[in-house]
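Data file: upload.txt. Format and content: compact mmCIF, C-alpha atoms.
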# COMPACT_ATOMS: atom_id res chain seq x y z
CA MET H 48 0.00 0.00 0.00
CA GLU H 49 1.29 3.40 -0.94
CA ILE H 50 1.75 5.94 1.83
CA ALA H 51 0.19 9.35 1.19
CA GLU H 52 1.90 12.47 2.46
CA THR H 53 -1.05 13.51 4.58
CA LEU H 54 1.08 13.83 7.69
CA PRO H 55 4.60 14.59 6.50
CA GLY H 56 7.68 15.54 8.48
CA ALA H 57 9.84 14.03 11.16
CA ILE H 58 7.38 14.65 14.01
CA TYR H 59 4.79 12.08 13.02
CA ARG H 60 6.09 8.66 12.00
CA GLY H 61 2.91 6.60 12.30
CA PRO H 62 1.12 4.88 9.43
CA ASN H 63 -1.35 6.52 7.10
CA ILE H 64 -3.54 4.25 4.99
CA TYR H 65 -5.02 6.89 2.68
CA GLY H 66 -3.58 6.02 -0.70
CA PRO H 67 -3.21 8.71 -3.36
CA HIS H 68 -5.84 7.01 -5.56
CA GLN H 69 -8.42 6.29 -2.85
CA THR H 70 -11.95 6.46 -4.27
CA PRO H 71 -13.98 9.10 -2.38
CA PHE H 72 -17.39 8.40 -0.93
CA GLU H 73 -20.02 9.75 -3.33
CA LEU H 74 -23.31 8.05 -2.42
CA ASP H 75 -24.92 6.25 0.49
CA TYR H 76 -25.30 2.72 -0.86
CA SER H 77 -28.21 1.88 1.47
CA VAL H 78 -30.13 4.88 0.15
CA ALA H 79 -29.24 3.99 -3.42
CA ALA H 80 -30.44 0.40 -2.92
CA VAL H 81 -33.78 1.49 -1.45
CA VAL H 82 -34.38 4.07 -4.18
CA ALA H 83 -33.41 1.59 -6.91
CA CYS H 84 -35.85 -1.01 -5.55
CA PHE H 85 -38.68 1.50 -5.43
CA VAL H 86 -37.96 2.78 -8.95
CA ALA H 87 -37.87 -0.78 -10.28
CA PHE H 88 -41.21 -1.53 -8.59
CA LEU H 89 -42.72 1.71 -9.92
CA VAL H 90 -41.59 1.10 -13.49
CA THR H 91 -42.87 -2.48 -13.41
CA SER H 92 -46.26 -1.42 -12.04
CA VAL H 93 -46.60 1.36 -14.63
CA LEU H 94 -45.88 -1.06 -17.47
CA THR H 95 -48.64 -3.39 -16.25
CA LEU H 96 -51.16 -0.63 -15.54
CA ASP H 97 -54.56 -0.83 -17.20
CA VAL H 98 -55.63 2.79 -17.69
CA LYS H 99 -58.98 1.82 -19.23
CA SER H 100 -60.45 0.81 -15.87
CA PHE H 101 -60.81 3.56 -13.26
CA ARG H 102 -61.17 1.00 -10.47
CA ARG H 103 -57.91 -0.69 -11.43
CA PHE H 104 -56.22 2.70 -11.59
CA LEU H 105 -57.32 3.42 -8.01
CA ARG H 106 -55.97 0.04 -6.91
CA TRP H 107 -52.65 0.79 -8.61
CA LEU H 108 -52.51 4.21 -6.94
CA THR H 109 -53.14 2.59 -3.54
CA LEU H 110 -50.43 0.02 -4.20
CA VAL H 111 -47.90 2.71 -5.14
CA PHE H 112 -48.79 4.74 -2.06
CA LEU H 113 -48.28 1.75 0.26
CA ALA H 114 -45.00 0.83 -1.43
CA ALA H 115 -43.77 4.42 -1.14
CA LEU H 116 -44.69 4.45 2.55
CA PHE H 117 -42.68 1.27 3.14
CA PHE H 118 -39.59 2.62 1.37
CA ILE H 119 -39.85 5.99 3.14
CA ILE H 120 -39.83 4.31 6.55
CA VAL H 121 -36.76 2.30 5.55
CA LEU H 122 -35.04 5.47 4.30
CA ALA H 123 -35.83 7.29 7.53
CA ILE H 124 -34.27 4.50 9.58
CA TYR H 125 -31.02 4.14 7.66
CA THR H 126 -30.22 7.55 6.20
CA ARG H 127 -27.82 10.06 7.77
CA SER H 128 -29.73 13.28 7.14
CA TRP H 129 -31.80 13.88 10.27
CA HIS H 130 -29.54 16.75 11.30
CA THR H 131 -27.19 18.25 8.72
CA ALA H 132 -24.87 21.22 8.22
CA GLU H 133 -22.26 22.40 5.74
CA VAL H 134 -19.88 25.33 5.82
CA ASP H 135 -17.02 26.58 3.64
CA VAL H 136 -13.79 26.90 5.62
CA VAL H 137 -10.06 27.33 5.40
CA VAL H 138 -8.47 24.78 7.70
CA SER H 139 -5.20 23.01 8.35
CA TYR H 140 -5.04 19.81 6.40
CA ALA H 141 -3.35 17.65 9.02
CA PRO H 142 -1.87 17.87 12.52
CA TYR H 143 1.65 19.29 12.70
CA ASP H 144 1.24 20.59 9.15
CA SER H 145 1.18 24.32 8.42
CA ARG H 146 -0.47 23.88 5.03
CA GLU H 147 -4.09 24.97 4.77
CA VAL H 148 -6.82 23.95 2.35
CA SER H 149 -10.06 25.59 1.28
CA ALA H 150 -12.87 23.09 1.61
CA THR H 151 -16.48 22.41 2.52
CA VAL H 152 -16.96 20.64 5.83
CA GLY H 153 -20.21 18.69 6.13
CA LEU H 154 -21.86 17.01 9.10
CA HIS H 155 -24.65 14.49 8.51
CA ILE H 156 -26.25 12.99 11.62
CA GLY H 157 -28.47 9.93 11.44
CA LEU H 158 -30.12 7.64 13.95
CA ALA H 159 -27.16 5.24 14.18
CA GLY H 160 -24.19 7.55 13.71
CA ILE H 161 -22.68 10.46 11.82
CA ASN H 162 -20.87 11.15 8.57
CA VAL H 163 -18.28 13.91 8.36
CA THR H 164 -17.23 15.08 4.90
CA LEU H 165 -14.38 17.24 3.67
CA LYS H 166 -14.44 18.30 0.02
CA GLY H 167 -11.83 20.65 -1.36
CA LEU H 168 -12.62 23.85 -3.24
CA PRO H 169 -11.16 22.83 -5.71
CA GLU H 170 -10.56 19.16 -4.98
CA GLU H 171 -6.95 19.20 -6.15
CA GLN H 172 -4.89 21.14 -3.61
CA ILE H 173 -1.36 20.85 -2.14
CA GLY H 174 -0.72 17.97 -4.50
CA GLN H 175 -3.57 15.81 -3.21
CA THR H 176 -7.25 15.14 -3.83
CA ILE H 177 -9.29 16.58 -0.97
CA ASN H 178 -12.46 14.49 -0.93
CA TYR H 179 -13.11 12.53 2.25
CA ASN H 180 -16.07 11.01 4.01
CA GLU H 181 -15.65 9.39 7.40
CA GLU H 182 -18.32 7.36 9.15
CA PHE H 183 -18.59 7.27 12.95
CA ASP H 184 -21.31 4.95 14.23
CA TRP H 185 -22.70 4.46 17.71
CA ALA H 186 -24.81 1.50 16.53
CA THR H 187 -23.94 -1.17 13.99
CA PRO H 188 -25.59 -4.54 13.20
CA GLY H 189 -24.25 -7.38 15.29
CA ARG H 190 -22.71 -5.12 17.92
CA ASP H 191 -23.90 -3.46 21.13
CA ALA H 192 -26.33 -1.09 19.46
CA PHE H 193 -26.62 2.38 21.00
CA TYR H 194 -24.33 1.36 23.87
CA GLN H 195 -23.01 4.41 25.75
CA GLY H 196 -19.94 2.66 27.13
CA ARG H 197 -17.23 4.00 29.34
CA ILE H 198 -15.47 7.32 29.06
CA GLY H 199 -12.38 7.07 26.91
CA PHE H 200 -11.40 5.29 23.73
CA GLY H 201 -10.70 1.74 24.86
CA ARG H 202 -12.53 -1.47 24.04
CA PHE H 203 -15.22 -0.71 26.62
CA ALA H 204 -15.96 2.73 25.17
CA ASN H 205 -18.87 3.27 22.78
CA LEU H 206 -18.48 2.53 19.10
CA LEU H 207 -18.15 6.16 18.05
CA ASN H 208 -15.25 6.80 20.43
CA GLN H 209 -13.50 3.70 19.15
CA ALA H 210 -14.04 4.78 15.54
CA PHE H 211 -12.67 8.24 16.37
CA HIS H 212 -9.56 6.68 17.92
CA ARG H 213 -9.01 4.57 14.81
CA SER H 214 -9.39 7.62 12.59
CA GLN H 215 -6.66 9.39 14.55
CA PHE H 216 -4.30 6.47 14.06
CA ARG H 217 -5.28 6.22 10.39
CA GLY H 218 -4.46 9.88 9.84
CA ALA H 219 -7.86 11.37 8.98
CA PRO H 220 -7.79 15.06 7.99
CA LEU H 221 -7.76 17.47 10.90
CA ALA H 222 -11.15 19.02 10.11
CA ILE H 223 -12.85 15.61 10.23
CA GLN H 224 -11.18 14.77 13.51
CA ALA H 225 -12.20 18.14 14.97
CA VAL H 226 -15.88 17.60 14.14
CA ALA H 227 -15.98 13.99 15.33
CA GLU H 228 -14.25 14.89 18.59
CA TYR H 229 -17.26 16.94 19.69
CA PHE H 230 -19.30 13.72 19.87
CA THR H 231 -16.76 12.03 22.17
CA PHE H 232 -17.18 14.52 25.03
CA ASP H 233 -19.36 13.22 27.86
CA GLY H 234 -19.16 15.32 30.98
CA ASP H 235 -19.92 18.67 32.63
CA GLY H 236 -23.03 19.26 30.54
CA ILE H 237 -21.11 18.81 27.27
CA ARG H 238 -22.71 15.64 26.00
CA TRP H 239 -23.67 16.13 22.38
CA GLY H 240 -22.91 12.54 21.48
CA ARG H 241 -25.05 11.19 24.32
CA TYR H 242 -28.09 13.30 23.38
CA TYR H 243 -27.86 12.48 19.68
CA ARG H 244 -27.44 8.80 20.54
CA LEU H 245 -30.53 8.81 22.78
CA ALA H 246 -32.54 10.70 20.17
CA GLY H 247 -31.50 8.18 17.53
CA TYR H 248 -32.26 5.24 19.82
CA TYR H 249 -35.85 6.20 20.66
CA THR H 250 -36.60 7.44 17.14
CA PHE H 251 -35.22 4.17 15.79
CA ILE H 252 -37.64 2.22 18.03
CA LEU H 253 -40.65 4.34 17.03
CA LEU H 254 -39.93 4.01 13.33
CA TRP H 255 -39.73 0.22 13.59
CA LEU H 256 -43.01 0.36 15.50
CA ALA H 257 -44.44 2.35 12.58
CA MET H 258 -43.19 -0.41 10.28
CA GLY H 259 -45.07 -2.95 12.41
CA PHE H 260 -48.28 -0.94 12.18
CA PHE H 261 -47.78 -0.68 8.42
CA ILE H 262 -47.47 -4.47 8.07
CA LEU H 263 -50.57 -4.97 10.24
CA SER H 264 -52.48 -2.53 8.04
CA LEU H 265 -51.62 -4.67 5.01
CA LEU H 266 -52.63 -7.91 6.70
CA PHE H 267 -55.92 -6.73 8.17
CA GLY H 268 -56.81 -4.32 5.37
CA VAL H 269 -57.34 -7.24 3.00
CA PHE H 270 -60.13 -8.70 5.17
CA ARG H 271 -61.54 -5.64 6.87
CA LEU H 272 -60.85 -2.20 5.48
CA LYS H 273 -61.67 -0.20 8.61
CA LEU H 274 -59.25 -2.20 10.73
CA GLY H 275 -56.51 -1.79 8.12
CA VAL H 276 -57.14 1.97 8.00
CA LEU H 277 -56.92 2.09 11.80
CA PHE H 278 -53.47 0.49 11.76
CA LEU H 279 -52.45 2.82 8.93
CA TRP H 280 -53.50 5.76 11.10
CA CYS H 281 -51.38 4.35 13.94
CA CYS H 282 -48.43 4.14 11.52
CA GLY H 283 -48.75 7.82 10.59
CA VAL H 284 -49.16 8.91 14.22
CA THR H 285 -46.07 6.91 15.20
CA MET H 286 -44.01 8.57 12.43
CA ILE H 287 -45.10 12.01 13.62
CA SER H 288 -44.36 11.01 17.22
CA SER H 289 -40.85 9.92 16.24
CA CYS H 290 -40.12 13.39 14.82
CA ILE H 291 -41.60 15.09 17.89
CA LEU H 292 -39.54 12.92 20.25
CA TYR H 293 -36.38 13.51 18.20
CA THR H 294 -36.97 17.26 18.44
CA ILE H 295 -37.59 17.12 22.19
CA LEU H 296 -34.40 15.18 22.88
CA ILE H 297 -32.29 17.41 20.64
CA LYS H 298 -33.72 20.57 22.23
CA ALA H 299 -32.98 19.08 25.68
CA MET H 300 -29.23 19.61 25.16
CA PRO H 301 -27.99 22.31 27.55
CA LEU H 302 -25.77 23.64 24.76
CA GLY H 303 -26.61 23.35 21.09
CA LEU H 304 -23.92 21.86 18.88
CA GLN H 305 -21.93 24.66 17.24
CA ILE H 306 -18.48 23.95 15.82
CA PRO H 307 -16.45 27.08 14.94
CA PHE H 308 -14.20 27.32 11.89
CA GLN H 309 -12.52 30.11 9.95
CA ASP H 310 -13.44 31.08 6.40
CA ALA H 311 -11.26 32.55 3.65
CA SER H 312 -11.76 36.12 4.91
CA GLY H 313 -10.67 35.24 8.42
CA GLN H 314 -14.18 35.46 9.86
CA ILE H 315 -15.56 32.86 12.25
CA VAL H 316 -18.17 30.56 10.71
CA VAL H 317 -20.15 28.03 12.70
CA LEU H 318 -21.09 24.50 11.72
CA ALA H 319 -24.52 24.28 13.36
CA PRO H 320 -26.73 21.36 12.23
CA THR H 321 -30.38 21.86 11.37
CA TYR H 322 -33.14 19.39 10.47
CA GLY H 323 -32.36 17.53 7.28
CA TRP H 324 -34.46 15.95 4.57
CA SER H 325 -34.86 12.65 6.46
CA TYR H 326 -36.58 14.47 9.32
CA TRP H 327 -38.89 16.48 7.06
CA LEU H 328 -39.67 13.49 4.84
CA THR H 329 -40.72 11.46 7.89
CA LEU H 330 -42.82 14.27 9.33
CA ILE H 331 -44.59 15.13 6.07
CA THR H 332 -45.21 11.48 5.21
CA GLY H 333 -46.66 10.81 8.67
CA THR H 334 -48.98 13.80 8.31
CA VAL H 335 -50.14 12.68 4.86
CA VAL H 336 -50.73 9.12 6.09
CA VAL H 337 -52.83 10.37 9.02
CA ALA H 338 -54.89 12.61 6.72
CA ILE H 339 -55.48 9.85 4.16
CA SER H 340 -56.44 7.32 6.83
CA ILE H 341 -58.95 9.75 8.39
CA VAL H 342 -60.53 10.52 5.00
CA THR H 343 -60.67 6.82 4.11
CA TRP H 344 -62.24 6.00 7.47
CA PHE H 345 -64.86 8.72 6.96
CA PHE H 346 -65.86 7.59 3.47
CA ASN H 347 -65.90 3.92 4.46
CA THR H 348 -68.08 4.68 7.49
CA ALA H 349 -70.40 6.81 5.35
CA ALA H 350 -70.71 3.98 2.83
CA GLU H 351 -71.53 1.46 5.56
CA VAL H 352 -74.19 3.77 7.03
CA SER H 353 -75.67 4.33 3.58
CA ARG H 354 -75.85 0.59 2.88
CA LYS H 355 -77.43 -0.04 6.28
CA ILE H 356 -80.11 2.62 5.70
CA ASP H 357 -80.92 1.18 2.30
CA ASP H 358 -81.26 -2.34 3.72
CA ASP H 359 -83.46 -1.15 6.59
CA GLU H 360 -85.71 0.76 4.23
CA MET H 361 -86.01 -2.27 1.98
CA ASP H 362 -86.89 -4.56 4.87
CA MET H 363 -89.46 -2.07 6.18
CA ALA H 364 -91.05 -1.72 2.76
CA ARG H 365 -91.39 -5.48 2.39
CA GLY H 366 -92.88 -5.75 5.87
CA ILE H 367 -95.43 -3.04 5.17
CA GLU H 368 -96.32 -4.70 1.89
CA LYS H 369 -97.02 -8.03 3.61
CA ILE H 370 -99.14 -6.38 6.28
CA VAL H 371 -101.22 -4.52 3.69
CA TYR H 372 -101.83 -7.66 1.64
CA HIS H 373 -103.03 -9.62 4.67
CA CYS H 374 -105.21 -6.92 6.24
CA VAL H 375 -107.03 -5.26 3.35
CA SER H 376 -108.69 -6.30 0.16
CA LYS H 377 -106.64 -6.91 -2.96
CA ASP H 378 -108.07 -3.88 -4.78
CA LEU H 379 -107.27 -1.54 -1.91
CA ALA H 380 -103.85 -3.14 -1.49
CA ASN H 381 -103.05 -2.61 -5.14
CA ARG H 382 -104.11 1.03 -4.90
CA ILE H 383 -101.94 1.58 -1.83
CA ARG H 384 -99.00 -0.14 -3.53
CA THR H 385 -99.48 1.93 -6.66
CA SER H 386 -99.62 5.16 -4.66
CA ILE H 387 -96.49 4.21 -2.69
CA GLU H 388 -94.58 3.37 -5.85
CA TYR H 389 -95.75 6.56 -7.48
Translate the structure of the given file into structure tokens.
Amino acid sequence: MEIAETLPGAIYRGPNIYGPHQTPFELDYSVAAVVACFVAFLVTSVLTLDVKSFRRFLRWLTLVFLAALFFIIVLAIYTRSWHTAEVDVVVSYAPYDSREVSATVGLHIGLAGINVTLKGLPEEQIGQTINYNEEFDWATPGRDAFYQGRIGFGRFANLLNQAFHRSQFRGAPLAIQAVAEYFTFDGDGIRWGRYYRLAGYYTFILLWLAMGFFILSLLFGVFRLKLGVLFLWCCGVTMISSCILYTILIKAMPLGLQIPFQDASGQIVVLAPTYGWSYWLTLITGTVVVAISIVTWFFNTAAEVSRKIDDDEMDMARGIEKIVYHCVSKDLANRIRTSIEY
């Protein structure tokens, strides 16, 4: 493996595994997989759509809506855009290195961890390609998910602290290390990592609960529409509740996360995350699902009441007709029947 000159000089003699031709991170593969599956399903359903029948079109529209809801819940769980921020800075490229680079620093916070990006403006600077994306998770499959761990960076610390320690040894750019370090503090009211981890943990649980309600709505909606709509309403309410709980836990931080940098003019700029597209997509989708379920419940109830009234009127009419035929003469009964029909 070639050794890049990220940390040159006689002071630092540790390894650096960033090769000069390392491919930068360009796309979240989990997001790409979910979107590709949904697009494939949508294209297939469009090709088999029968536009001549309005009833079949409504069924197709319902199927697309339910499929979109499923994929949106999956995206909300696995994407890293619940809290995001980007800022253009001029920053030292590496520790013990006086060279500076002009770049965009990005912070993307999800439910299970964060991504920190550093992209040069332009990418080619100081003889290297400045395009990095580092992932720091506090929950990964098969490990102690959302485990707070001990203070420090040892094997009993949480996963994010361990990942930060490995990035230091690997020689990650200084800006990425500076951003990730803020999530390793856990004391004296400075506990950004703990609050984001708790917010991700409870939101993660609520979103999987919403997925359970969604599956129940599919199972019961086939046999009884009103019960399926009820579970669909529970799914939307749970999605909205997940956003509300995430907001409450983030706002509960004594100090909001603000990471200062310096721009090209020497002014202080702050990397302060705000709600990203994952948050707004979940909130808007939950609201739409609640509204659709309420409207569907209303129309289904109205249809049931209408059918019941029609049946009752029909039974009453038949009963009256039998009573008339048994109690009066045929001529009078025929006149009454004719007048009623008229």
Need to verify the contact set: Trp280 of chain H, 9 Å, all atoms listed in the file, exclusion of same-chain residues closer than 6 positions in sequence. Can you return it as a list in words?
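So the residues in contact are Phe260, Ser264, Gly333, Val336, Val337, Ala338, Ile339, Ser340 and Ile341 of chain H.
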Closest of H:Gln314, H:Asp144, H:Val138, H:Ile120 to Gly283 of chain H - atom-to-atom distances counting all atoms listed in the file:
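The shortest atom-to-atom distance to Gly283 of chain H comes from H:Ile120.
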Centre and edges of the segment 327-333 of chain H box, axis-aligned, 4 Å extra per side, as AutoDock Vina command-line options:
--center_x -42.8 --center_y 13.6 --center_z 7.1 --size_x 15.8 --size_y 13.7 --size_z 12.5
My list of candidates is H:Val276, H:Phe117, H:Ile156, H:Met300. Which is closest to Ala132 of chain H when distances are computed with all atoms listed in the file?
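Among H:Val276, H:Phe117, H:Ile156, H:Met300, it is H:Ile156 that comes nearest to Ala132 of chain H.
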Please check which residues have atoms at most 9 Å from (-39.5, 1.2, -4.1) in the file's coordinates, counting all atoms listed in the file, and write them as a VMD selection string.
chain H and resid 81 to 89 111 114 to 115 117 to 119
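For the residues H:Leu330, H:Ile252, H:Leu154, H:Val90, ranking by smallest atom-to-atom distance to Asn180 of chain H using only C-alpha atoms places H:Leu154 first.
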Just give me the gap between atom CA of Leu245 of chain H and atom CA of Phe193 of chain H in Å, one decimal is fine.
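These atoms are spaced 7.7 Å apart.
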Can you list, as a PDB file with C-alpha atoms, in the coordinates of the input, every protein, DNA or RNA residue that comes within 9 Å of Thr151 of chain H when you count all atoms listed in the file, leaving out same-chain residues fewer than 5 positions away?
ATOM      1  CA  GLU H 133     -22.260  22.400   5.740  1.00  0.00           C
ATOM      2  CA  VAL H 134     -19.880  25.330   5.820  1.00  0.00           C
ATOM      3  CA  ASP H 135     -17.020  26.580   3.640  1.00  0.00           C
ATOM      4  CA  VAL H 136     -13.790  26.900   5.620  1.00  0.00           C
ATOM      5  CA  VAL H 137     -10.060  27.330   5.400  1.00  0.00           C
ATOM      6  CA  THR H 164     -17.230  15.080   4.900  1.00  0.00           C
ATOM      7  CA  LEU H 165     -14.380  17.240   3.670  1.00  0.00           C
ATOM      8  CA  LYS H 166     -14.440  18.300   0.020  1.00  0.00           C
ATOM      9  CA  GLY H 167     -11.830  20.650  -1.360  1.00  0.00           C
ATOM     10  CA  LEU H 168     -12.620  23.850  -3.240  1.00  0.00           C
TER      11      LEU H 168
END
Could you state the separation of atom CA of Ile306 of chain H and atom CA of Pro320 of chain H in Å, given to one decimal place?
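Separating atom CA of Ile306 of chain H from atom CA of Pro320 of chain H is a distance of 9.4 Å.
Once Thr294 of chain H and its same-chain neighbours fewer than 2 positions away are set aside, Trp129, His130, Tyr242, Tyr243, Leu245, Ala246, Gly247, Tyr249, Thr250, Ile287, Ser288, Ser289, Cys290, Ile291, Leu292, Leu296, Ile297, Lys298, Ala299, Met300, Thr321, Tyr322, Tyr326, Trp327 and Leu330 of chain H remain within 12 Å of it when counting all atoms listed in the file.
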Compile the contact shell of segment 270-273 of chain H as a list of chain:residue names: residues with an atom at most 12 Å away, counting only C-alpha atoms, same-chain residues fewer than 6 positions apart removed.
H:Leu263, H:Ser264, H:Leu279, H:Trp280, H:Ser340, H:Ile341, H:Val342, H:Thr343, H:Trp344, H:Phe345, H:Phe346, H:Asn347, H:Thr348, H:Ala349, H:Ala350, H:Glu351
Selection from above, C-alpha atoms, as a compact mmCIF listing (two decimals), keeping the file's coordinate frame, can you write it?
# COMPACT_ATOMS: atom_id res chain seq x y z
CA LEU H 263 -50.57 -4.97 10.24
CA SER H 264 -52.48 -2.53 8.04
CA LEU H 279 -52.45 2.82 8.93
CA TRP H 280 -53.50 5.76 11.10
CA SER H 340 -56.44 7.32 6.83
CA ILE H 341 -58.95 9.75 8.39
CA VAL H 342 -60.53 10.52 5.00
CA THR H 343 -60.67 6.82 4.11
CA TRP H 344 -62.24 6.00 7.47
CA PHE H 345 -64.86 8.72 6.96
CA PHE H 346 -65.86 7.59 3.47
CA ASN H 347 -65.90 3.92 4.46
CA THR H 348 -68.08 4.68 7.49
CA ALA H 349 -70.40 6.81 5.35
CA ALA H 350 -70.71 3.98 2.83
CA GLU H 351 -71.53 1.46 5.56
Gln224 of chain H surroundings by only C-alpha atoms, 9 Å radius, close-in-sequence under 6 positions cut, as a ChimeraX atom specification
/H:163,211,214-215
Kindly give the distance, in Å, that separates atom CA of Arg103 of chain H and atom CA of Cys282 of chain H, rounded to a single decimal.
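Atom-to-atom, atom CA of Arg103 of chain H and atom CA of Cys282 of chain H are spaced 25.3 Å apart.
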One residue among H:Thr131, H:Phe216, H:Leu113, H:Leu266 is nearest to Gln305 of chain H when using all atoms listed in the file, and that residue is H:Thr131
